[in-house]
Amino acid sequence: MKKFLIAACLFALASASYAGVADRFKSNVGGASKSDAENYARDIGLIAGMNDFHDGKAVDTFGFDVGVSGNFLMPSNKLDDKNVFIPMLYGSVKIPILGLNIAARGTSFEQLTSVGGGLKWSVLGNTILPFFPDITVGAFYDRMSTDYYNIDHLSASISASVKVLMLEPYVGAGYDYSRMSVNGGGTASKGGTRLTGGVNFHILPVVYVFGAYVYAGDTKAVQVGAGARF
């Protein structure tokens, strides 16, 4: 499984353009239409949004969930017509008094910097019934930027998962809204739904790897990652 994860990340890196996200934007923005800019904003925001969940669980009392994901985006916009690979760190911890999880995530890669966070709440979890899913909802905000623009990204998601031995398949749906402000003037914004299906493989009681497919209309994405929950 570790070899598969490394191979997937190397494939994603090899598929990405040699130029960074910002360079491709700078090269193609001159002849872009309003629709091109809106789709670009949506696609870049999706890089953060697809990290809303990797299962249907919230962290237990005094617990942590930390890890890294590799996000391989196949964009539909004309401003970035190359496949994009962006890794992202994530983590969450529970506030016992409020019963909520505080989550944070971020990256600085390919000239793109992103810092974000949000709240997650377990609607159903730690059930005693076999094969009954854990269900979690969440809401996030991210600030994404390059030398040429800033993007404010909002997302809301619901996810469900069930653990069967070492496997934990999950599904989820979300909504992403991104507003891009271009340095020197001009804005573009767009929202859209996101559907995710994936599976966690628990190598050890606290260590897992995961993979998922993300569908967001014309834009598709694949996600792989590894982390620890304790």
# chains A, B, ... in the order shown; residues from 1 in each chain; ligands from 1
call {"tool": "select_by_dssp", "arguments": {"residues": "region 52-158 of chain A", "states": "strand (DSSP E or B)", "output": "PyMOL selection string"}}
result
chain A and resi 64-74+83-95+100-109+112-124+134-145+149-158
call {"tool": "residues_around", "arguments": {"residues": "Glu110 (chain A)", "least_positions_apart": "3", "cutoff": "8 Å", "atoms": "only C-alpha atoms", "output": "PyMOL selection string"}}
result
chain A and resi 19-22+86
call {"tool": "write_last_selection", "arguments": {"atoms": "N, CA, C and O atoms", "output": "mmCIF file, in the first residue's frame"}}
result
data_model
loop_
_atom_site.group_PDB
_atom_site.id
_atom_site.type_symbol
_atom_site.label_atom_id
_atom_site.label_comp_id
_atom_site.auth_asym_id
_atom_site.auth_seq_id
_atom_site.Cartn_x
_atom_site.Cartn_y
_atom_site.Cartn_z
ATOM 1 N N ALA A 19 5.380 24.436 -15.337
ATOM 2 C CA ALA A 19 5.149 25.766 -14.783
ATOM 3 C C ALA A 19 4.209 25.677 -13.588
ATOM 4 O O ALA A 19 3.380 24.788 -13.501
ATOM 5 N N GLY A 20 4.359 26.612 -12.647
ATOM 6 C CA GLY A 20 3.496 26.641 -11.484
ATOM 7 C C GLY A 20 2.107 27.136 -11.825
ATOM 8 O O GLY A 20 1.834 27.646 -12.914
ATOM 9 N N VAL A 21 1.193 26.987 -10.857
ATOM 10 C CA VAL A 21 -0.185 27.438 -11.030
ATOM 11 C C VAL A 21 -0.230 28.913 -11.404
ATOM 12 O O VAL A 21 -0.956 29.324 -12.312
ATOM 13 N N ALA A 22 0.566 29.728 -10.726
ATOM 14 C CA ALA A 22 0.551 31.175 -10.983
ATOM 15 C C ALA A 22 1.078 31.505 -12.377
ATOM 16 O O ALA A 22 0.551 32.389 -13.058
ATOM 17 N N ILE A 86 -1.464 19.278 -5.960
ATOM 18 C CA ILE A 86 -1.180 20.108 -4.790
ATOM 19 C C ILE A 86 -1.292 19.249 -3.532
ATOM 20 O O ILE A 86 -2.365 18.706 -3.241
#
call {"tool": "select_by_dssp", "arguments": {"residues": "region 12-131 of chain A", "states": "helix (DSSP H, G or I)", "output": "PyMOL selection string"}}
result
chain A and resi 12-15+21-31+34-49
call {"tool": "write_last_selection", "arguments": {"atoms": "C-alpha atoms", "output": "short mmCIF file (atom, residue, chain, number, x, y, z; two decimals), in the first residue's frame"}}
result
data_model
loop_
_atom_site.label_atom_id
_atom_site.label_comp_id
_atom_site.auth_asym_id
_atom_site.auth_seq_id
_atom_site.Cartn_x
_atom_site.Cartn_y
_atom_site.Cartn_z
CA ALA A 12 0.58 13.12 -10.19
CA LEU A 13 3.76 15.16 -10.05
CA ALA A 14 4.87 13.90 -13.44
CA SER A 15 1.47 14.78 -14.92
CA VAL A 21 -0.18 27.44 -11.03
CA ALA A 22 0.55 31.18 -10.98
CA ASP A 23 2.69 31.07 -14.15
CA ARG A 24 -0.04 29.32 -16.12
CA PHE A 25 -2.59 31.86 -14.92
CA LYS A 26 -0.35 34.75 -15.95
CA SER A 27 0.24 33.24 -19.40
CA ASN A 28 -3.43 32.58 -20.18
CA VAL A 29 -5.35 35.37 -18.45
CA GLY A 30 -4.98 37.83 -21.35
CA GLY A 31 -7.58 36.22 -23.61
CA LYS A 34 -15.65 35.81 -17.76
CA SER A 35 -16.70 32.18 -17.86
CA ASP A 36 -13.04 31.06 -18.02
CA ALA A 37 -12.21 33.11 -14.93
CA GLU A 38 -15.23 31.81 -13.02
CA ASN A 39 -14.37 28.18 -13.81
CA TYR A 40 -10.76 28.81 -12.80
CA ALA A 41 -11.83 30.20 -9.42
CA ARG A 42 -14.09 27.19 -8.88
CA ASP A 43 -11.33 24.71 -9.77
CA ILE A 44 -8.68 26.27 -7.52
CA GLY A 45 -11.17 26.39 -4.64
CA LEU A 46 -11.92 22.72 -5.20
CA ILE A 47 -8.30 21.89 -4.26
CA ALA A 48 -9.13 23.00 -0.72
CA GLY A 49 -12.73 21.81 -0.69
#
call {"tool": "residues_around", "arguments": {"residues": "Ser159 (chain A)", "least_positions_apart": "5", "cutoff": "6 Å", "atoms": "only C-alpha atoms", "output": "PyMOL selection string"}}
result
chain A and resi 56+135-136+171-172
call {"tool": "closest_residue", "arguments": {"among": "A:Tyr213, A:Tyr208, A:Trp121, A:Tyr170", "to": "Val66 (chain A)", "atoms": "only C-alpha atoms"}}
result
A:Tyr208
call {"tool": "residues_around", "arguments": {"residues": "Ile95 (chain A)", "least_positions_apart": "3", "cutoff": "12 Å", "atoms": "only C-alpha atoms", "output": "VMD selection string"}}
result
chain A and resid 58 to 64 92 98 to 103 119 to 121
call {"tool": "closest_residue", "arguments": {"among": "A:Ala160, A:Gly217, A:Ser145, A:His202", "to": "Tyr175 (chain A)", "atoms": "only C-alpha atoms"}}
result
A:Gly217
call {"tool": "closest_residue", "arguments": {"among": "A:Asp65, A:Pro96, A:Val207, A:Asp55", "to": "Glu168 (chain A)", "atoms": "only C-alpha atoms"}}
result
A:Asp55
call {"tool": "atom_distance", "arguments": {"atom1": "CA of Leu79 (chain A)", "atom2": "CA of Arg194 (chain A)"}}
result
20.7 Å
call {"tool": "closest_residue", "arguments": {"among": "A:Ser122, A:Asn200, A:Asn183, A:Gln223", "to": "Phe85 (chain A)", "atoms": "only C-alpha atoms"}}
result
A:Gln223
call {"tool": "residues_around", "arguments": {"residues": "Gly70 (chain A)", "least_positions_apart": "3", "cutoff": "6 Å", "atoms": "only C-alpha atoms", "output": "PDB file with C-alpha atoms, in the first residue's frame"}}
result
ATOM      1  CA  PRO A  87      -0.346  18.410  -1.450  1.00  0.00           C
ATOM      2  CA  GLN A 223      -7.044  12.196  -3.842  1.00  0.00           C
ATOM      3  CA  VAL A 224      -4.564   9.997  -1.950  1.00  0.00           C
ATOM      4  CA  GLY A 225      -3.219  10.493   1.536  1.00  0.00           C
TER       5      GLY A 225
END
call {"tool": "atom_distance", "arguments": {"atom1": "CA of Gly186 (chain A)", "atom2": "CA of Val84 (chain A)"}}
result
23.8 Å
call {"tool": "closest_residue", "arguments": {"among": "A:Ala32, A:Val214, A:Ile97, A:Leu73", "to": "Gly174 (chain A)", "atoms": "only C-alpha atoms"}}
result
A:Val214
call {"tool": "atom_distance", "arguments": {"atom1": "CA of Lys163 (chain A)", "atom2": "CA of Ala216 (chain A)"}}
result
25.9 Å
call {"tool": "closest_residue", "arguments": {"among": "A:Arg229, A:Pro205, A:Tyr177, A:Ala212", "to": "Gly192 (chain A)", "atoms": "only C-alpha atoms"}}
result
A:Tyr177
